[in-house]
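Heads up, run.txt below (compact mmCIF, C-alpha atoms):
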```txt
# COMPACT_ATOMS: atom_id res chain seq x y z
CA MET A 26 4.98 -58.49 115.30
CA TRP A 27 4.14 -56.23 118.24
CA SER A 28 2.25 -59.02 119.98
CA LEU A 29 5.41 -61.16 119.77
CA PHE A 30 7.48 -58.23 121.05
CA ARG A 31 5.13 -57.81 124.02
CA LYS A 32 5.27 -61.57 124.65
CA GLU A 33 9.08 -61.53 124.75
CA ILE A 34 9.19 -58.50 127.06
CA SER A 35 6.56 -60.08 129.29
CA SER A 36 8.53 -63.34 129.46
CA PHE A 37 11.60 -61.40 130.60
CA LEU A 38 9.81 -59.31 133.21
CA SER A 39 7.52 -62.06 134.49
CA SER A 40 10.46 -64.33 135.27
CA ILE A 41 13.67 -63.81 137.20
CA ILE A 42 15.82 -63.77 134.05
CA GLY A 43 15.30 -60.15 133.06
CA TYR A 44 15.63 -58.82 136.60
CA LEU A 45 18.66 -61.01 137.25
CA VAL A 46 20.46 -59.67 134.16
CA ILE A 47 19.77 -56.07 135.19
CA MET A 48 20.80 -56.68 138.81
CA VAL A 49 24.01 -58.49 137.85
CA PHE A 50 24.95 -55.69 135.44
CA LEU A 51 24.35 -53.01 138.07
CA LEU A 52 25.98 -55.00 140.89
CA ILE A 53 29.22 -55.68 139.01
CA ASN A 54 29.48 -52.08 137.84
CA SER A 55 28.68 -50.70 141.28
CA LEU A 56 31.28 -52.88 143.01
CA PHE A 57 34.07 -51.89 140.63
CA LEU A 58 33.10 -48.22 140.40
CA TRP A 59 32.27 -47.46 144.03
CA VAL A 60 33.53 -50.24 146.35
CA PHE A 61 36.65 -52.03 145.09
CA ASN A 62 39.91 -50.10 145.10
CA GLY A 63 41.46 -50.03 141.65
CA ASP A 64 41.69 -48.21 138.36
CA PHE A 65 37.91 -48.13 137.90
CA ASN A 66 37.01 -46.66 141.30
CA LEU A 67 35.32 -43.30 140.71
CA ILE A 68 36.01 -41.91 144.17
CA ASN A 69 39.74 -42.65 144.02
CA ALA A 70 40.11 -41.30 140.48
CA GLY A 71 40.43 -37.75 141.75
CA TYR A 72 38.42 -36.23 138.91
CA ALA A 73 34.81 -36.33 137.73
CA SER A 74 34.52 -38.97 135.03
CA LEU A 75 32.46 -42.04 134.15
CA ASP A 76 35.21 -43.60 132.04
CA GLY A 77 35.30 -46.66 134.30
CA LEU A 78 31.68 -47.49 133.52
CA PHE A 79 32.20 -47.29 129.78
CA ILE A 80 35.33 -49.43 129.91
CA LEU A 81 33.70 -52.14 132.04
CA ALA A 82 30.21 -52.24 130.53
CA PRO A 83 31.13 -53.66 127.09
CA PHE A 84 32.78 -56.68 128.76
CA ILE A 85 29.91 -57.22 131.20
CA PHE A 86 27.39 -57.01 128.35
CA MET A 87 29.55 -59.46 126.40
CA PHE A 88 28.49 -62.13 128.91
CA LEU A 89 25.04 -60.92 129.91
CA VAL A 90 23.56 -60.25 126.45
CA PRO A 91 24.27 -63.79 125.19
CA ALA A 92 22.64 -65.01 128.41
CA ILE A 93 19.53 -63.05 127.41
CA THR A 94 19.43 -64.15 123.78
CA MET A 95 20.54 -67.78 124.09
CA ARG A 96 16.98 -68.99 124.74
CA MET A 97 15.14 -66.81 122.21
CA PHE A 98 15.30 -69.23 119.30
CA ALA A 99 16.96 -72.24 120.95
CA ASP A 100 13.93 -72.74 123.20
CA GLU A 101 11.56 -72.39 120.23
CA HIS A 102 13.46 -75.09 118.32
CA LYS A 103 13.78 -77.39 121.33
CA GLY A 104 10.14 -77.08 122.33
CA GLY A 105 8.84 -77.39 118.78
CA THR A 106 7.07 -74.03 118.99
CA MET A 107 9.04 -72.54 116.10
CA GLU A 108 6.76 -74.33 113.65
CA LEU A 109 3.73 -72.92 115.48
CA LEU A 110 5.22 -69.44 115.41
CA ALA A 111 5.82 -69.77 111.67
CA THR A 112 2.10 -70.37 111.08
CA ARG A 113 1.19 -66.95 112.46
CA PRO A 114 0.66 -64.02 110.09
CA ILE A 115 4.16 -62.69 110.59
CA SER A 116 7.24 -62.94 108.38
CA ASP A 117 10.60 -64.33 109.45
CA ALA A 118 11.91 -60.76 109.35
CA GLY A 119 9.13 -59.69 111.72
CA ILE A 120 9.92 -62.55 114.12
CA VAL A 121 13.61 -61.66 114.17
CA PHE A 122 12.93 -57.94 114.59
CA ALA A 123 10.44 -58.48 117.44
CA LYS A 124 12.88 -60.66 119.38
CA PHE A 125 15.77 -58.30 118.61
CA LEU A 126 13.80 -55.28 119.80
CA ALA A 127 12.81 -57.07 123.03
CA GLY A 128 16.46 -57.88 123.77
CA TRP A 129 17.53 -54.32 122.95
CA VAL A 130 14.88 -52.88 125.27
CA LEU A 131 16.27 -55.03 128.08
CA VAL A 132 19.72 -53.56 127.38
CA LEU A 133 18.17 -50.09 127.65
CA LEU A 134 16.49 -51.00 130.95
CA SER A 135 19.91 -52.11 132.25
CA LEU A 136 21.49 -48.78 131.29
CA LEU A 137 18.83 -46.43 132.66
CA PRO A 138 19.66 -46.97 136.38
CA THR A 139 23.31 -46.06 135.68
CA LEU A 140 22.14 -42.46 135.18
CA LEU A 141 22.33 -42.35 138.98
CA TYR A 142 26.10 -42.73 138.57
CA TYR A 143 26.10 -39.68 136.30
CA TYR A 144 24.07 -37.67 138.81
CA SER A 145 26.39 -38.70 141.64
CA ILE A 146 29.55 -37.75 139.74
CA TYR A 147 27.88 -34.53 138.60
CA GLN A 148 27.27 -33.56 142.23
CA LEU A 149 30.72 -34.66 143.38
CA GLY A 150 32.52 -32.51 140.81
CA ALA A 151 34.43 -29.44 141.98
CA PRO A 152 32.70 -27.23 141.06
CA VAL A 153 29.39 -29.11 140.77
CA GLY A 154 28.83 -30.22 137.18
CA ASN A 155 32.51 -30.15 136.24
CA LEU A 156 32.52 -33.15 133.89
CA ASP A 157 32.38 -33.87 130.18
CA SER A 158 28.64 -34.34 129.68
CA GLY A 159 29.02 -34.47 125.88
CA GLY A 160 31.51 -37.33 126.07
CA ILE A 161 29.27 -39.17 128.55
CA ALA A 162 26.24 -38.77 126.28
CA GLY A 163 28.24 -40.11 123.33
CA SER A 164 29.42 -43.03 125.45
CA TYR A 165 25.84 -43.90 126.35
CA VAL A 166 24.86 -43.81 122.67
CA GLY A 167 27.84 -46.01 121.82
CA LEU A 168 27.08 -48.46 124.62
CA PHE A 169 23.42 -48.68 123.58
CA LEU A 170 24.42 -49.39 119.96
CA LEU A 171 27.05 -51.90 121.09
CA GLY A 172 24.38 -53.65 123.16
CA GLY A 173 22.15 -53.80 120.07
CA ALA A 174 25.00 -55.35 118.08
CA TYR A 175 25.52 -57.95 120.81
CA VAL A 176 21.77 -58.75 120.77
CA SER A 177 21.80 -59.31 116.99
CA ILE A 178 24.84 -61.60 117.31
CA GLY A 179 23.19 -63.51 120.15
CA LEU A 180 20.00 -64.01 118.14
CA PHE A 181 22.01 -65.39 115.24
CA ALA A 182 23.80 -67.84 117.54
CA SER A 183 20.47 -68.89 119.10
CA SER A 184 18.95 -69.52 115.65
CA LEU A 185 21.66 -72.07 114.82
CA THR A 186 21.02 -74.53 117.64
CA SER A 187 18.44 -75.87 120.04
CA ASN A 188 21.02 -75.99 122.86
CA GLN A 189 21.11 -72.84 124.98
CA ILE A 190 24.66 -73.44 126.24
CA VAL A 191 25.99 -73.83 122.69
CA ALA A 192 24.14 -70.65 121.69
CA PHE A 193 25.65 -68.78 124.65
CA ILE A 194 29.22 -69.91 123.93
CA LEU A 195 28.93 -69.17 120.21
CA ALA A 196 27.49 -65.70 120.85
CA LEU A 197 30.17 -64.95 123.43
CA LEU A 198 32.90 -66.03 121.00
CA LEU A 199 31.52 -63.92 118.14
CA CYS A 200 31.13 -60.87 120.38
CA PHE A 201 34.69 -61.29 121.67
CA ILE A 202 36.11 -61.61 118.15
CA LEU A 203 34.28 -58.54 116.87
CA TYR A 204 34.98 -56.39 119.93
CA MET A 205 38.55 -57.41 120.82
CA GLY A 206 39.78 -60.06 118.39
CA LEU A 207 39.89 -57.97 115.23
CA ASP A 208 41.47 -55.08 117.12
CA SER A 209 44.18 -57.43 118.39
CA ILE A 210 44.79 -58.78 114.89
CA ALA A 211 45.12 -55.19 113.64
CA SER A 212 48.04 -54.68 116.05
CA TRP A 213 50.12 -57.34 114.31
CA SER A 214 52.99 -55.62 112.49
CA MET A 215 53.13 -58.33 109.80
CA LEU A 216 49.79 -57.24 108.31
CA GLY A 217 51.09 -54.05 106.74
CA GLY A 218 48.28 -51.94 105.29
CA ALA A 219 45.66 -54.56 106.16
CA ASP A 220 45.80 -53.56 109.82
CA TYR A 221 43.57 -50.56 109.12
CA LEU A 222 40.92 -52.80 107.55
CA PHE A 223 40.84 -55.17 110.54
CA GLU A 224 40.73 -52.21 112.91
CA GLN A 225 37.75 -50.68 111.10
CA LEU A 226 35.92 -54.02 111.06
CA GLY A 227 36.17 -54.28 114.84
CA MET A 228 33.58 -52.79 117.19
CA SER A 229 35.94 -51.20 119.71
CA ILE A 230 37.27 -48.42 117.47
CA HIS A 231 33.74 -47.29 116.59
CA TYR A 232 32.60 -47.55 120.21
CA ASN A 233 35.62 -45.54 121.38
CA SER A 234 34.95 -42.95 118.68
CA LEU A 235 31.41 -42.40 119.97
CA SER A 236 32.75 -42.27 123.54
CA ARG A 237 34.62 -39.07 122.67
CA GLY A 238 31.25 -37.37 122.31
CA VAL A 239 31.35 -37.08 118.52
CA ILE A 240 28.38 -38.78 116.84
CA ASP A 241 29.97 -39.73 113.53
CA SER A 242 27.69 -41.11 110.81
CA ARG A 243 30.34 -43.72 109.95
CA ASP A 244 30.07 -45.21 113.42
CA LEU A 245 26.26 -45.20 113.26
CA ILE A 246 26.37 -46.88 109.84
CA TYR A 247 28.82 -49.48 111.17
CA PHE A 248 26.63 -50.53 114.09
CA GLY A 249 23.53 -50.40 111.90
CA SER A 250 25.27 -52.68 109.41
CA ILE A 251 26.25 -55.15 112.14
CA MET A 252 22.67 -55.32 113.43
CA ASN A 253 21.16 -55.64 109.95
CA GLY A 254 23.81 -58.09 108.81
CA PHE A 255 23.32 -60.51 111.68
CA GLY A 256 19.57 -60.00 111.43
CA PHE A 257 19.76 -61.17 107.81
CA LEU A 258 21.93 -64.15 108.81
CA THR A 259 19.36 -65.06 111.48
CA GLN A 260 16.54 -64.98 108.91
CA THR A 261 18.63 -67.17 106.61
CA ALA A 262 19.26 -69.64 109.43
CA LEU A 263 15.52 -69.82 110.19
CA LEU A 264 14.69 -70.29 106.53
CA SER A 265 17.26 -73.08 106.16
CA ARG A 266 15.48 -75.10 108.87
CA LYS A 267 12.37 -75.18 106.69
CA TRP A 268 14.17 -76.86 103.80
```
Take the structure in this file and express it as structure tokens.
Amino acid sequence: MWSLFRKEISSFLSSIIGYLVIMVFLLINSLFLWVFNGDFNLINAGYASLDGLFILAPFIFMFLVPAITMRMFADEHKGGTMELLATRPISDAGIVFAKFLAGWVLVLLSLLPTLLYYYSIYQLGAPVGNLDSGGIAGSYVGLFLLGGAYVSIGLFASSLTSNQIVAFILALLLCFILYMGLDSIASWSMLGGADYLFEQLGMSIHYNSLSRGVIDSRDLIYFGSIMNGFGFLTQTALLSRKW
């Protein structure tokens, strides 16, 4: 399993894909947070906060993570190497976990440079350090878990097809539904008591909860369930191709 994990990481870092994803993530965030005038600009906000980063990042990851994962299984199916991979002494669960972990590590590598934003805001505070570090730490945890959920969804989409574009669109659609769609459905007044259920099934309420700096076990269980659930669906999809 670890050899496959190292192979996936190496394929990201030995090609332009991994670096491009990280650069695009940082470039878009940097432009909105430091250059463009608007609600997300940290300098114009007038107070020390990284809220703009944690509002923007889920939507940027919604596009970039499917771009990372779309090739992970689609390429294997298209190139006929999935059958070769299946002959190795590794279970389907091990294959899925290795690829998932590689994608999640890339998410982490994208987030690490944004600590420079935290340092900058920390120094710009009046007095220095006048910001909610607990809330920022919780937001980073939430964003990391959200990225893991996106990776698991993207892997599932990639396991269903040999076409990378189809895998990307399907992953993007699923991520959008789980992050924004269910929350929008919950706002419909006609649902009555069911609105709470739809709200709790959506990712945004759990992400926002962690962003307040409170690490609630219910939010951790939710994201863990999403990752495990889509991991199981991915294994099922791989197994169905052997029938």
task: Measure the distance from CA of Lys124 (chain A) to CA of Glu33 (chain A) in Å and round it to one decimal.
output: 6.6 Å
task: For CA of Tyr144 (chain A) and CA of Leu38 (chain A), determine how far apart the two atoms are, in Å to one decimal place.
output: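 Pair CA of Tyr144 (chain A) / CA of Leu38 (chain A) returns 26.5 Å.
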Within 12 Å of region 79-102 of chain A, which residues of region 233-268 of chain A come that close, and what is the closest atom pair and distance in Å for each? Count all atoms listed in the file and give it as JSON lines.
```
{"residue": "A:Asn233", "atom": "CA", "partner": "A:Phe79", "partner_atom": "CA", "distance": 9.2}
{"residue": "A:Leu235", "atom": "CA", "partner": "A:Phe79", "partner_atom": "CA", "distance": 11.0}
{"residue": "A:Ser236", "atom": "CA", "partner": "A:Phe79", "partner_atom": "CA", "distance": 8.0}
{"residue": "A:Arg237", "atom": "CA", "partner": "A:Phe79", "partner_atom": "CA", "distance": 11.1}
{"residue": "A:Thr259", "atom": "CA", "partner": "A:Phe98", "partner_atom": "CA", "distance": 9.7}
{"residue": "A:Gln260", "atom": "CA", "partner": "A:Phe98", "partner_atom": "CA", "distance": 11.3}
{"residue": "A:Ala262", "atom": "CA", "partner": "A:Phe98", "partner_atom": "CA", "distance": 10.6}
{"residue": "A:Leu263", "atom": "CA", "partner": "A:Phe98", "partner_atom": "CA", "distance": 9.1}
{"residue": "A:Arg266", "atom": "CA", "partner": "A:His102", "partner_atom": "CA", "distance": 9.7}
{"residue": "A:Lys267", "atom": "CA", "partner": "A:His102", "partner_atom": "CA", "distance": 11.7}
```
- request: Could you please determine the separation between CA of Asn69 (chain A) and CA of Leu170 (chain A) in Å, to one decimal place?
  value: 29.3 Å
- request: Just the residues within 9 Å of Val121 (chain A), please, counting only C-alpha atoms, with nothing from its chain fewer than 5 positions along; format it as a PyMOL selection string.
  value: chain A and resi 116+126+177+180+256-257+259-260
- request: May I have the protein, DNA and RNA residues with an atom at most 12 Å from (36.2, -51.9, 110.6), counting all atoms listed in the file in the file's coordinates, returned as a list in words?
  value: Leu203, Tyr204, Met205, Gly206, Leu207, Asp208, Ile210, Ala211, Ala219, Asp220, Tyr221, Leu222, Phe223, Glu224, Gln225, Leu226, Gly227, Met228, Ser229, Ile230, His231, Tyr232, Arg243, Asp244, Ile246, Tyr247, Phe248, Ser250 and Ile251 of chain A
